[in-house]
Each structure stands twice: as structure tokens, then as C-alpha cells.
file protein-v8.txt (compact mmCIF, C-alpha atoms and all ligand atoms)
# COMPACT_ATOMS: atom_id res chain seq x y z
CA MET Q 1 176.75 118.13 -10.67
CA VAL Q 2 176.80 114.75 -12.39
CA ARG Q 3 175.16 113.80 -15.70
CA ARG Q 4 172.40 111.40 -14.75
CA ASP Q 5 173.07 109.16 -17.73
CA ASP Q 6 176.88 109.25 -17.45
CA TRP Q 7 178.09 109.92 -13.96
CA ALA Q 8 181.71 110.13 -15.12
CA GLU Q 9 180.69 113.46 -16.68
CA CYS Q 10 180.62 116.01 -13.91
CA GLU Q 11 181.32 119.64 -13.21
CA THR Q 12 181.20 122.15 -10.39
CA ARG Q 13 179.01 125.19 -10.93
CA ALA Q 14 178.74 128.38 -8.94
CA GLY Q 15 175.28 128.66 -7.39
CA GLU Q 16 173.18 131.77 -7.04
CA PRO Q 17 174.46 133.95 -4.18
CA GLY Q 18 172.32 133.13 -1.15
CA GLY Q 19 169.43 135.61 -1.07
CA GLU Q 20 166.91 136.25 1.66
CA LEU Q 21 165.38 133.11 3.12
CA ALA Q 22 161.64 132.46 3.03
CA PRO Q 23 159.97 131.84 6.41
CA GLY Q 24 160.76 128.27 7.54
CA GLU Q 25 164.00 127.97 5.55
CA ALA Q 26 167.56 127.70 6.83
CA ARG Q 27 170.86 127.77 4.99
CA PHE Q 28 173.56 125.25 5.88
CA ARG Q 29 177.27 125.43 5.06
CA ILE Q 30 178.37 121.88 4.32
CA GLU Q 31 181.65 121.22 6.06
CA ARG Q 32 182.66 117.62 5.40
CA LEU Q 33 181.26 114.68 3.46
CA ALA Q 34 182.33 111.04 3.18
CA LEU Q 35 182.86 109.64 -0.32
CA THR Q 36 182.66 105.87 -0.89
CA SER Q 37 181.21 103.44 -3.45
CA ASN Q 38 177.89 103.97 -1.74
CA ASN Q 39 177.68 107.44 -3.34
CA VAL Q 40 178.35 105.98 -6.79
CA THR Q 41 175.54 103.52 -6.14
CA TYR Q 42 173.25 106.47 -5.29
CA ALA Q 43 173.97 107.83 -8.77
CA LEU Q 44 173.56 104.44 -10.39
CA ILE Q 45 170.13 103.78 -8.92
CA GLY Q 46 169.21 107.46 -8.70
CA GLU Q 47 166.16 107.03 -10.91
CA GLN Q 48 164.80 103.77 -9.42
CA ILE Q 49 165.21 104.57 -5.72
CA GLY Q 50 164.84 108.34 -6.03
CA TYR Q 51 168.29 109.57 -4.96
CA TRP Q 52 168.22 112.33 -7.62
CA ARG Q 53 165.08 113.76 -6.03
CA PHE Q 54 166.64 114.85 -2.72
CA PHE Q 55 168.58 117.79 -4.16
CA PRO Q 56 167.13 118.80 -7.53
CA ALA Q 57 169.43 120.04 -10.30
CA ALA Q 58 169.15 121.32 -13.87
CA ASP Q 59 167.63 119.05 -16.53
CA GLY Q 60 169.67 115.91 -17.17
CA TRP Q 61 171.98 116.64 -14.20
CA GLY Q 62 171.93 115.40 -10.62
CA ARG Q 63 173.51 116.33 -7.31
CA VAL Q 64 174.82 113.18 -5.67
CA PRO Q 65 173.96 112.94 -1.97
CA ALA Q 66 176.57 112.22 0.67
CA TRP Q 67 176.67 111.88 4.46
CA GLY Q 68 178.45 114.33 6.72
CA TYR Q 69 178.27 117.51 8.75
CA ALA Q 70 177.01 121.05 8.15
CA GLU Q 71 176.53 124.27 10.13
CA VAL Q 72 173.55 126.62 10.05
CA VAL Q 73 174.74 129.96 8.62
CA ASP Q 74 171.36 131.69 8.23
CA SER Q 75 167.96 130.75 9.60
CA ALA Q 76 164.36 131.84 9.16
CA ALA Q 77 163.17 128.55 10.74
CA ASP Q 78 162.17 128.07 14.40
CA ALA Q 79 163.82 124.64 14.53
CA VAL Q 80 167.46 125.71 14.06
CA GLU Q 81 169.69 128.62 15.04
CA VAL Q 82 172.78 130.04 13.38
CA GLY Q 83 175.88 128.17 14.61
CA GLU Q 84 174.10 124.86 15.27
CA ARG Q 85 175.60 121.88 13.52
CA PHE Q 86 174.03 118.70 12.17
CA TYR Q 87 174.96 115.26 10.83
CA GLY Q 88 172.93 114.00 7.90
CA PHE Q 89 172.37 113.64 4.18
CA TRP Q 90 173.59 116.56 2.03
CA PRO Q 91 174.23 117.33 -1.62
CA MET Q 92 177.86 117.40 -2.78
CA SER Q 93 177.83 121.18 -2.57
CA SER Q 94 179.18 123.96 -0.40
CA GLU Q 95 175.75 125.09 0.81
CA VAL Q 96 172.14 123.97 0.82
CA THR Q 97 168.83 125.49 1.90
CA LEU Q 98 166.44 123.20 3.78
CA GLU Q 99 163.07 123.65 5.49
CA PRO Q 100 163.87 122.17 8.91
CA VAL Q 101 161.21 121.34 11.47
CA ALA Q 102 161.88 119.92 14.94
CA ARG Q 103 161.11 116.25 15.58
CA GLY Q 104 162.16 115.15 19.06
CA ARG Q 105 165.91 115.62 19.39
CA THR Q 106 166.33 115.76 15.61
CA VAL Q 107 165.24 118.04 12.80
CA VAL Q 108 163.61 116.90 9.59
CA ASP Q 109 163.69 118.60 6.18
CA SER Q 110 160.01 119.17 5.43
CA ALA Q 111 160.53 120.37 1.83
CA ALA Q 112 157.66 119.12 -0.34
CA HIS Q 113 159.91 117.31 -2.84
CA ARG Q 114 161.38 115.12 -0.05
CA ARG Q 115 158.22 114.06 1.76
CA GLU Q 116 157.73 110.86 -0.22
CA LEU Q 117 161.37 109.78 0.25
CA PRO Q 118 162.55 107.49 3.09
CA GLY Q 119 162.53 109.30 6.44
CA LEU Q 120 166.03 108.11 7.35
CA TYR Q 121 167.48 110.43 4.70
CA ASN Q 122 165.42 113.47 5.75
CA THR Q 123 166.45 113.36 9.41
CA TYR Q 124 169.34 115.46 10.77
CA LEU Q 125 171.01 114.75 14.09
CA PRO Q 126 172.41 117.58 16.21
CA ALA Q 127 176.22 117.46 16.44
CA ALA Q 128 178.42 118.58 19.29
CA ALA Q 129 181.13 121.21 18.86
CA PRO Q 130 183.36 120.36 15.89
CA ASP Q 131 185.85 117.57 16.52
CA THR Q 132 187.56 116.94 13.20
CA GLU Q 133 188.82 113.42 13.82
CA THR Q 134 185.55 112.08 15.21
CA GLU Q 135 183.42 113.76 12.55
CA GLU Q 136 185.56 112.49 9.70
CA LEU Q 137 185.28 108.96 11.04
CA LEU Q 138 181.57 109.18 11.75
CA SER Q 139 180.87 110.63 8.28
CA LEU Q 140 182.39 107.45 6.87
CA VAL Q 141 181.30 104.93 9.46
CA ARG Q 142 177.78 105.90 10.45
CA PRO Q 143 175.73 105.31 7.29
CA LEU Q 144 177.59 102.12 6.43
CA PHE Q 145 177.79 100.70 9.94
CA THR Q 146 174.05 101.11 10.43
CA THR Q 147 173.44 98.97 7.35
CA ALA Q 148 176.07 96.46 8.48
CA TRP Q 149 174.49 96.15 11.93
CA LEU Q 150 171.00 95.73 10.45
CA LEU Q 151 172.22 92.98 8.11
CA ASP Q 152 173.91 91.12 10.97
CA ASP Q 153 170.69 91.47 12.97
CA TYR Q 154 168.57 90.21 10.06
CA LEU Q 155 170.82 87.21 9.33
CA ALA Q 156 170.77 86.17 12.99
CA LEU Q 157 167.00 86.69 13.37
CA GLU Q 158 166.54 84.37 10.40
CA GLY Q 159 168.91 81.79 11.91
CA PHE Q 160 171.05 82.24 8.77
CA ARG Q 161 168.38 80.01 7.15
CA GLY Q 162 170.53 77.06 8.07
CA ALA Q 163 173.55 78.14 6.02
CA ALA Q 164 176.94 76.69 6.96
CA THR Q 165 178.70 79.59 5.24
CA VAL Q 166 177.93 83.26 4.73
CA LEU Q 167 179.57 84.40 1.49
CA VAL Q 168 180.16 88.15 1.39
CA SER Q 169 181.01 89.84 -1.93
CA SER Q 170 182.98 93.10 -2.15
CA ALA Q 171 184.29 91.94 1.20
CA SER Q 172 186.77 94.82 1.23
CA SER Q 173 183.98 97.44 1.17
CA LYS Q 174 183.37 99.29 4.39
CA THR Q 175 179.78 98.09 4.69
CA ALA Q 176 180.71 94.43 4.14
CA ALA Q 177 183.73 94.61 6.45
CA ALA Q 178 181.63 96.17 9.22
CA MET Q 179 179.00 93.44 8.80
CA ALA Q 180 181.73 90.80 9.08
CA TRP Q 181 182.94 92.53 12.27
CA CYS Q 182 179.40 92.38 13.71
CA LEU Q 183 179.13 88.68 12.77
CA ALA Q 184 182.52 87.99 14.37
CA GLN Q 185 181.19 89.27 17.73
CA ARG Q 186 178.66 86.39 17.79
CA SER Q 187 179.58 83.22 19.63
CA GLU Q 188 177.47 81.11 17.28
CA ARG Q 189 177.48 81.83 13.59
CA PRO Q 190 178.30 80.16 10.30
CA HIS Q 191 181.70 80.40 8.64
CA VAL Q 192 182.09 83.85 7.05
CA VAL Q 193 183.99 83.94 3.73
CA GLY Q 194 184.95 87.23 2.10
CA LEU Q 195 184.87 87.27 -1.71
CA THR Q 196 186.96 90.01 -3.27
CA SER Q 197 189.12 91.13 -6.19
CA ALA Q 198 192.51 89.43 -6.41
CA GLY Q 199 194.21 92.75 -5.56
CA ASN Q 200 192.21 93.17 -2.34
CA LYS Q 201 192.51 89.57 -1.09
CA GLU Q 202 195.43 90.22 1.21
CA TYR Q 203 193.68 93.24 2.69
CA VAL Q 204 190.49 91.25 3.33
CA ALA Q 205 192.41 88.33 4.89
CA GLY Q 206 194.24 90.80 7.14
CA LEU Q 207 191.05 92.33 8.52
CA GLY Q 208 190.76 89.37 10.88
CA THR Q 209 186.96 89.30 10.81
CA TYR Q 210 186.47 86.95 7.87
CA ASP Q 211 187.29 83.29 8.43
CA GLU Q 212 188.73 83.23 4.94
CA ALA Q 213 189.31 85.45 1.91
CA VAL Q 214 188.68 84.06 -1.59
CA ALA Q 215 189.28 85.83 -4.93
CA TYR Q 216 186.23 85.98 -7.21
CA ASP Q 217 187.90 83.82 -9.83
CA ASP Q 218 188.64 81.04 -7.31
CA ILE Q 219 185.07 80.47 -6.16
CA ALA Q 220 184.68 77.24 -8.14
CA SER Q 221 187.59 75.53 -6.37
CA ALA Q 222 187.62 77.17 -2.92
CA ASP Q 223 187.16 74.96 0.13
CA VAL Q 224 183.75 76.29 1.21
CA ALA Q 225 181.01 74.22 2.86
CA GLY Q 226 177.37 74.54 1.78
CA PRO Q 227 174.61 75.40 2.24
CA VAL Q 228 175.51 79.03 1.58
CA VAL Q 229 173.91 82.43 1.83
CA LEU Q 230 175.39 85.18 -0.34
CA VAL Q 231 175.26 88.75 0.95
CA ASP Q 232 175.98 90.51 -2.33
CA PHE Q 233 177.52 93.97 -2.15
CA ALA Q 234 179.10 93.70 -5.60
CA GLY Q 235 176.43 92.90 -8.23
CA ARG Q 236 179.43 91.59 -10.16
CA PRO Q 237 178.49 90.10 -13.53
CA GLY Q 238 178.73 86.30 -13.39
CA LEU Q 239 179.23 85.95 -9.63
CA ARG Q 240 175.75 84.75 -8.72
CA THR Q 241 175.81 82.31 -11.61
CA ALA Q 242 179.23 80.99 -10.53
CA ILE Q 243 177.93 80.44 -6.99
CA GLY Q 244 174.81 78.72 -8.37
CA ASP Q 245 177.00 76.45 -10.53
CA ARG Q 246 179.19 75.58 -7.56
CA PHE Q 247 176.55 75.03 -4.87
CA GLY Q 248 173.41 74.06 -6.83
CA PRO Q 249 170.44 73.70 -4.46
CA GLU Q 250 172.76 74.49 -1.53
CA PHE Q 251 172.79 78.11 -2.76
CA ARG Q 252 170.01 78.67 -0.30
CA TRP Q 253 169.58 82.41 0.06
CA LEU Q 254 170.70 85.55 -1.76
CA ILE Q 255 170.54 88.99 -0.16
CA GLY Q 256 171.30 91.74 -2.68
CA VAL Q 257 172.65 94.82 -0.93
CA GLY Q 258 174.98 96.78 -3.21
CA ILE Q 259 176.39 97.11 -6.71
CA THR Q 260 180.01 98.20 -6.36
CA HIS Q 261 180.95 96.36 -9.58
CA ALA Q 262 178.12 97.70 -11.65
CA ALA Q 263 180.05 100.00 -13.95
CA GLY Q 264 179.22 97.48 -16.67
CA ALA Q 265 175.98 95.57 -16.45
CA ALA Q 266 175.22 94.59 -12.89
CA GLU Q 267 173.95 91.08 -12.23
CA LEU Q 268 170.87 91.87 -10.23
CA SER Q 269 168.56 89.02 -11.05
CA GLY Q 270 168.15 86.31 -8.49
CA GLY Q 271 170.78 83.99 -9.94
CA ALA Q 272 170.24 80.41 -8.96
CA ALA Q 273 169.48 80.95 -5.28
CA ALA Q 274 166.47 79.16 -3.84
CA GLU Q 275 165.33 82.40 -2.20
CA SER Q 276 166.43 85.90 -3.06
CA GLU Q 277 165.63 89.43 -2.02
CA PHE Q 278 166.91 92.99 -2.08
CA PHE Q 279 167.81 94.39 1.33
CA PHE Q 280 167.05 98.11 1.69
CA ALA Q 281 168.37 99.40 5.01
CA PRO Q 282 165.74 102.18 5.52
CA THR Q 283 162.91 99.63 5.14
CA TYR Q 284 164.44 97.12 7.59
CA LEU Q 285 165.23 99.98 9.98
CA GLU Q 286 161.53 100.91 10.00
CA ARG Q 287 160.59 97.31 10.76
CA ARG Q 288 163.02 97.04 13.69
CA THR Q 289 162.02 100.48 14.98
CA ALA Q 290 158.41 99.27 15.14
CA GLU Q 291 159.46 96.02 16.88
CA LEU Q 292 162.03 97.35 19.36
CA GLY Q 293 161.18 101.05 19.74
CA ALA Q 294 163.35 103.86 18.41
CA ALA Q 295 165.28 104.46 21.65
CA GLU Q 296 166.18 100.79 22.17
CA LEU Q 297 167.27 100.36 18.56
CA ARG Q 298 169.28 103.61 18.56
CA GLY Q 299 170.95 102.48 21.79
CA ARG Q 300 171.92 99.08 20.41
CA ILE Q 301 173.28 100.43 17.12
CA GLY Q 302 175.02 103.33 18.87
CA ALA Q 303 176.80 101.05 21.35
CA ALA Q 304 178.00 98.74 18.59
CA GLU Q 305 179.08 101.68 16.44
CA SER Q 306 181.16 103.17 19.28
CA ALA Q 307 182.84 99.81 19.83
CA TYR Q 308 183.53 99.51 16.10
CA VAL Q 309 184.99 103.02 15.87
CA ASP Q 310 187.32 102.34 18.81
CA ALA Q 311 188.30 98.82 17.73
CA VAL Q 312 188.64 99.39 13.99
CA ALA Q 313 187.97 102.77 12.43
CA ARG Q 314 190.19 104.92 14.68
CA SER Q 315 193.22 103.62 12.85
CA TRP Q 316 191.88 104.33 9.35
CA PRO Q 317 193.97 106.63 7.20
CA ILE Q 318 191.74 109.52 6.11
CA GLN Q 319 192.36 111.19 2.78
CA ARG Q 320 191.20 114.81 3.00
CA VAL Q 321 190.08 116.32 -0.30
CA ALA Q 322 189.51 120.09 -0.47
CA GLY Q 323 188.27 122.43 -3.17
CA PRO Q 324 186.04 121.87 -6.23
CA ASP Q 325 188.75 120.52 -8.55
CA ALA Q 326 189.99 117.97 -6.04
CA VAL Q 327 186.41 116.93 -5.22
CA ARG Q 328 185.73 116.38 -8.92
CA GLN Q 329 188.86 114.21 -9.25
CA ALA Q 330 187.97 112.22 -6.12
CA TRP Q 331 184.53 111.51 -7.58
CA LEU Q 332 186.03 110.37 -10.90
CA ASP Q 333 188.49 108.10 -9.05
CA GLN Q 334 185.65 106.59 -7.06
CA VAL Q 335 183.58 105.99 -10.20
CA ALA Q 336 186.58 104.36 -11.90
CA GLY Q 337 187.13 102.04 -8.91
CA HIS Q 338 190.56 103.47 -8.08
CA ALA Q 339 189.70 104.29 -4.48
CA ASP Q 340 191.73 102.36 -1.91
CA PRO Q 341 189.55 100.29 0.45
CA ARG Q 342 191.87 101.15 3.37
CA GLY Q 343 190.54 104.17 5.23
CA GLY Q 344 188.34 106.64 3.45
CA VAL Q 345 187.91 109.91 1.61
CA VAL Q 346 186.40 112.95 3.30
CA LEU Q 347 185.75 115.97 1.13
CA THR Q 348 184.87 119.63 1.40
CA PHE Q 349 184.27 122.30 -1.22
CA ALA Q 350 186.24 124.79 0.88
CA GLN Q 351 189.78 125.30 -0.44
CA GLU Q 352 191.25 124.16 2.88
CA PRO Q 353 189.88 121.28 4.99
CA LEU Q 354 188.35 122.46 8.25
CA GLU Q 355 190.56 121.79 11.23
N1 LIG J 401 170.99 98.28 0.33
C1 LIG J 401 171.33 99.20 1.24
O1 LIG J 401 170.50 99.64 2.03
C2 LIG J 401 172.75 99.68 1.31
C3 LIG J 401 173.19 100.45 2.39
C4 LIG J 401 174.54 100.85 2.45
C5 LIG J 401 175.41 100.49 1.44
N2 LIG J 401 174.94 99.75 0.39
C6 LIG J 401 175.82 99.39 -0.73
O2 LIG J 401 176.96 98.62 -0.32
C7 LIG J 401 177.99 98.78 -1.31
C8 LIG J 401 179.31 99.04 -0.60
O3 LIG J 401 179.41 100.41 -0.26
P1 LIG J 401 180.66 101.02 0.55
O4 LIG J 401 180.44 102.48 0.56
O5 LIG J 401 180.80 100.27 1.83
O6 LIG J 401 181.87 100.66 -0.42
P2 LIG J 401 183.45 100.99 -0.30
O7 LIG J 401 183.93 100.88 1.08
O8 LIG J 401 183.75 102.26 -1.03
O9 LIG J 401 183.93 99.74 -1.17
C9 LIG J 401 185.06 99.69 -1.94
C10 LIG J 401 185.13 98.32 -2.59
O10 LIG J 401 184.13 98.14 -3.59
C11 LIG J 401 184.67 97.45 -4.73
N3 LIG J 401 184.68 98.43 -5.81
C12 LIG J 401 184.47 99.75 -5.70
N4 LIG J 401 184.46 100.36 -6.91
C13 LIG J 401 184.67 99.40 -7.80
C14 LIG J 401 184.78 99.40 -9.22
N5 LIG J 401 184.62 100.51 -9.96
N6 LIG J 401 185.02 98.21 -9.81
C15 LIG J 401 185.15 97.11 -9.07
N7 LIG J 401 185.03 97.07 -7.72
C16 LIG J 401 184.81 98.20 -7.10
C17 LIG J 401 186.04 96.98 -4.29
O11 LIG J 401 185.81 95.80 -3.52
P3 LIG J 401 186.12 94.27 -3.93
O12 LIG J 401 187.43 94.28 -4.63
O13 LIG J 401 186.19 93.60 -2.57
O14 LIG J 401 184.97 93.81 -4.76
C18 LIG J 401 186.42 98.12 -3.35
O15 LIG J 401 187.45 97.77 -2.45
C19 LIG J 401 177.54 99.93 -2.23
O16 LIG J 401 177.01 99.43 -3.45
C20 LIG J 401 176.45 100.59 -1.40
O17 LIG J 401 175.52 101.33 -2.15
C21 LIG J 401 173.64 99.35 0.29
call {"tool": "encode", "arguments": {"input": "protein-v8.txt", "output": "C-alpha cells"}}
result
Amino acid sequence: MVRRDDWAECETRAGEPGGELAPGEARFRIERLALTSNNVTYALIGEQIGYWRFFPAADGWGRVPAWGYAEVVDSAADAVEVGERFYGFWPMSSEVTLEPVARGRTVVDSAAHRRELPGLYNTYLPAAAPDTETEELLSLVRPLFTTAWLLDDYLALEGFRGAATVLVSSASSKTAAAMAWCLAQRSERPHVVGLTSAGNKEYVAGLGTYDEAVAYDDIASADVAGPVVLVDFAGRPGLRTAIGDRFGPEFRWLIGVGITHAAGAAELSGGAAAESEFFFAPTYLERRTAELGAAELRGRIGAAESAYVDAVARSWPIQRVAGPDAVRQAWLDQVAGHADPRGGVVLTFAQEPLE
């Protein structure tokens, strides 16, 4: 549990022992969860976007959601049976009780407190028999790659609004790096420049998917052609202003996506861009689902995701974190920005990681 007004304050608490389930409920044992900056952002915008409402907690506290895998350990619901496993959106906990109902090949949590929240987060996909390596990778890759693919799709549909350069902040983040990989698959696209912290510049340059890596402090002097679009994953104070100062009216378009640098005061206003917007993946996903059909869209994203896993993510070093104390420390490290962008953290509340 994390204090909603200070997410560096956190503790693990023993829950009530699981009692008898009401009709329609099922209990899931949560096996593995990915931890990235994305989860810190969930806490940061928990009030505005509603991330605290998925898994209610005691007054003033929140349970931060995370993506991963869980197994049904008790069921009084028709939709799921004991032993079935699902990928989806879980609390950072060892167990959770949902009210699953079948929807096509998936199940959806129909609990009243989640009905108003975006459907993407309430949908659980059946998982095959446990395969540790694949599930660890997919816990990390899937939520972020989907956003990356959708951003690439959106930029291309818009013809990049005529930009000569796509600037990408927090270029070392997994979502940004996956978007750059998607852009790199296109035969025609603008120059793609990764903006990053000085300490991550070498890493970003070595990814091979950005045409160039530039440290935040060098933006004023870097050799970058306008007009530019900024895809902003950082929300870093001063960055949008610095880009506005450098490019003037050629700062054509700003797409706000994330706030990895928001431990202080995030810069979330439009800056000096001619046009600016916030990109929310679930909303754009709904739009493209309506335009292309769910099966077509799932097929396109799934094919690209498989290619990305094989080409890039398979080689990621995975840091396995097990047990409540280690999970707490991993969360604090992530909040403090000490997490290494190479690879990823996968956690479980069990004392030993599942093999
Ligand atoms: N709008 C949407 O629908 C949507 C969907 C998915 C993700 N997102 C957002 O995209 C962002 C990236 O998420 P991710 O999970 O891909 O990130 P990640 O892989 O964990 O990113 C790590 C990078 O973020 C920066 N960073 C992290 N913590 C920091 C700190 N405390 N201080 C300074 N820099 C820090 C560093 O990059 P640099 O040194 O390169 O800056 C670091 O290498 C998040 O804000 C996430 O919520 C938004």
C-alpha cells in the first residue's frame, strides 16, 4: 500500500484470510508483475485518471496497479475455473478477488467500482501453461508495446504533421524505445531523435533505433532540423520551454504521453507548441478498434509485438524481486529513479520467484 499523497511512503500489510466467496466472485493468486516508471505514473495521476479506484484501499492509501499474470485459486464464478491463468491488470498484492464474467475469449471484471473505468484495464486474457521466460517478458513488454505501437500508428496516420524530426523524451524508457523501434520499421519517416539524461545517452545511442541521441541539456545546440514534433514521455520541467525557445513556430506538435521526470513539478502545459494534446492509449485504442475491428487490430499489434520480443526483448536482463520487503525496496528504487533502463524488474510477493 502506498500513501496517495506521498508514494515514497509505503508498507505491506497482511490481508484478511480469504473467506468464502460470494456467487460470481473468484480469487486469483498473483504470480508475477512488471514494475516500471509506468506504475509510478499510475500513482502520480491516480486521482485524475482514476488508477486508485481499481483496487480500493484504506483511507489515504492506494494499491498501485501493475500488469502481469495470476492463477485462479478459488472460484464461485461461471467464467473461470480453478487452475486457469490470466494476463491483465492487478494490484501489487499476493491475491485479489474479482467478479469475472466471460466476454468472447477474455474475461472482464464486472465489479461495480470498475465499470466506469477504461475497459482495457478490466479485461483479462487467458494465458497458456506457465512459461516463466515468456511471461516475464510479456509482463514488461505488452502494456508498453501496445502504447508504442498505437503512437507509431497515430504519428503515421497524421503524416507526422509535416515534421522533419520526431523528438522523443525519456528515450531510454521502454515505451519510448519500443515506439522508436516501430518507427524504424517504416521506410518513410522523419528523423527520430532520442532525448535523454546524460547518464543514459550512451544506452539510447546504442539501441540502434534512434537516428541520434541528445542529452536534455544539449537541446539548444544539437544539430536537429525543424519542424519538430515532441513525443513527451518525461514531463521534465523546462524541456518543452527549451524546445519552444529553440524551434519557435517550427515546434509544430506536442504529444504528451508520460511523466517519468515528474517527481518535482511536471511540465504538463502545452509549452510553446503550435498544437498540443495528451495521448491516452485506451482512448486511441477504442478509436482504432472501431475503425479496424478488434480482430484486425489485435492481429496487427500481436504480430508487431512478437517481432519486437524476438528482435529486442529476448535479450533483456530480468531482475527478479521476491517477497514483500524486496518488493517494497524495488518500488522505492523506482520512485527515486534508480531503476536501470536496461531490462526490467518483475516482482512477486511470494518469497521465491516462480520457476
Ligand atoms: N499515455 C499513455 O497512455 C501511456 C501508456 C503507457 C506508458 N505511458 C507513460 O510512459 C512513461 C514511460 O513509462 P515506462 O514504463 O516505459 O518507463 P521505464 O522504461 O521505466 O523508463 C525509465 C526511464 O524513465 C526516466 N526516469 C524514470 N524515473 C525517473 C526519475 N525518478 N527521474 C528522472 N528520470 C526518470 C529515465 O529516462 P531518461 O533518462 O531517458 O529520461 C529512465 O531511464 C511513463 O510516464 C508511463 O506512464 C503513458
call {"tool": "residues_around", "arguments": {"input": "protein-v8.txt", "residues": "Gly162 in chain Q", "least_positions_apart": "6", "cutoff": "9 Å", "atoms": "only C-alpha atoms", "output": "list in words"}}
result
Pro190, Pro227, Val228, Val229 and Arg252 of chain Q
call {"tool": "closest_residue", "arguments": {"input": "protein-v8.txt", "among": "Q:Pro126, Q:Pro324, Q:Gly248, Q:Gly344", "to": "ligand LIG 401 (chain J)", "atoms": "only C-alpha atoms and all ligand atoms"}}
result
Q:Gly344
call {"tool": "closest_residue", "arguments": {"input": "protein-v8.txt", "among": "Q:Ser139, Q:Leu230, Q:Thr147, Q:Gly199", "to": "Val166 in chain Q", "atoms": "only C-alpha atoms"}}
result
Q:Leu230
call {"tool": "residues_around", "arguments": {"input": "protein-v8.txt", "residues": "Ala128 in chain Q", "least_positions_apart": "5", "cutoff": "9 Å", "atoms": "only C-alpha atoms", "output": "list in words"}}
result
Glu84, Arg85 and Phe86 of chain Q
call {"tool": "residues_around", "arguments": {"input": "protein-v8.txt", "residues": "range 300-305 of chain Q", "least_positions_apart": "6", "cutoff": "9 Å", "atoms": "only C-alpha atoms", "output": "list in words"}}
result
Val141, Arg142, Phe145, Thr146, Trp149, Leu150 and Cys182 of chain Q
call {"tool": "residues_near_ligand", "arguments": {"input": "protein-v8.txt", "ligand": "ligand LIG 401 (chain J)", "cutoff": "6 Å", "atoms": "all atoms listed in the file", "output": "VMD selection string"}}
result
chain Q and resid 36 to 38 41 144 147 170 to 175 196 to 197 200 233 to 234 257 to 261 279 to 281 335 to 337 341
call {"tool": "residues_around", "arguments": {"input": "protein-v8.txt", "residues": "Val327 in chain Q", "least_positions_apart": "5", "cutoff": "10 Å", "atoms": "all atoms listed in the file", "output": "number ranges by chain"}}
result
Q: 11-12, 35, 92-93, 320-322, 332-333, 345-350
call {"tool": "residues_around", "arguments": {"input": "protein-v8.txt", "residues": "range 121-123 of chain Q", "least_positions_apart": "4", "cutoff": "6 Å", "atoms": "only C-alpha atoms", "output": "list in words"}}
result
Phe89, Val107, Val108 and Asp109 of chain Q
call {"tool": "write_last_selection", "arguments": {"input": "protein-v8.txt", "atoms": "C-alpha atoms", "output": "compact mmCIF listing (two decimals), in the frame of the given file"}}
result
# COMPACT_ATOMS: atom_id res chain seq x y z
CA PHE Q 89 172.37 113.64 4.18
CA VAL Q 107 165.24 118.04 12.80
CA VAL Q 108 163.61 116.90 9.59
CA ASP Q 109 163.69 118.60 6.18
call {"tool": "atom_distance", "arguments": {"input": "protein-v8.txt", "atom1": "CA of Ala34 in chain Q", "atom2": "CA of Gly235 in chain Q"}}
result
22.2 Å
call {"tool": "closest_residue", "arguments": {"input": "protein-v8.txt", "among": "Q:Ala112, Q:Val192, Q:Ala8, Q:Ala272", "to": "Gln329 in chain Q", "atoms": "all atoms listed in the file"}}
result
Q:Ala8
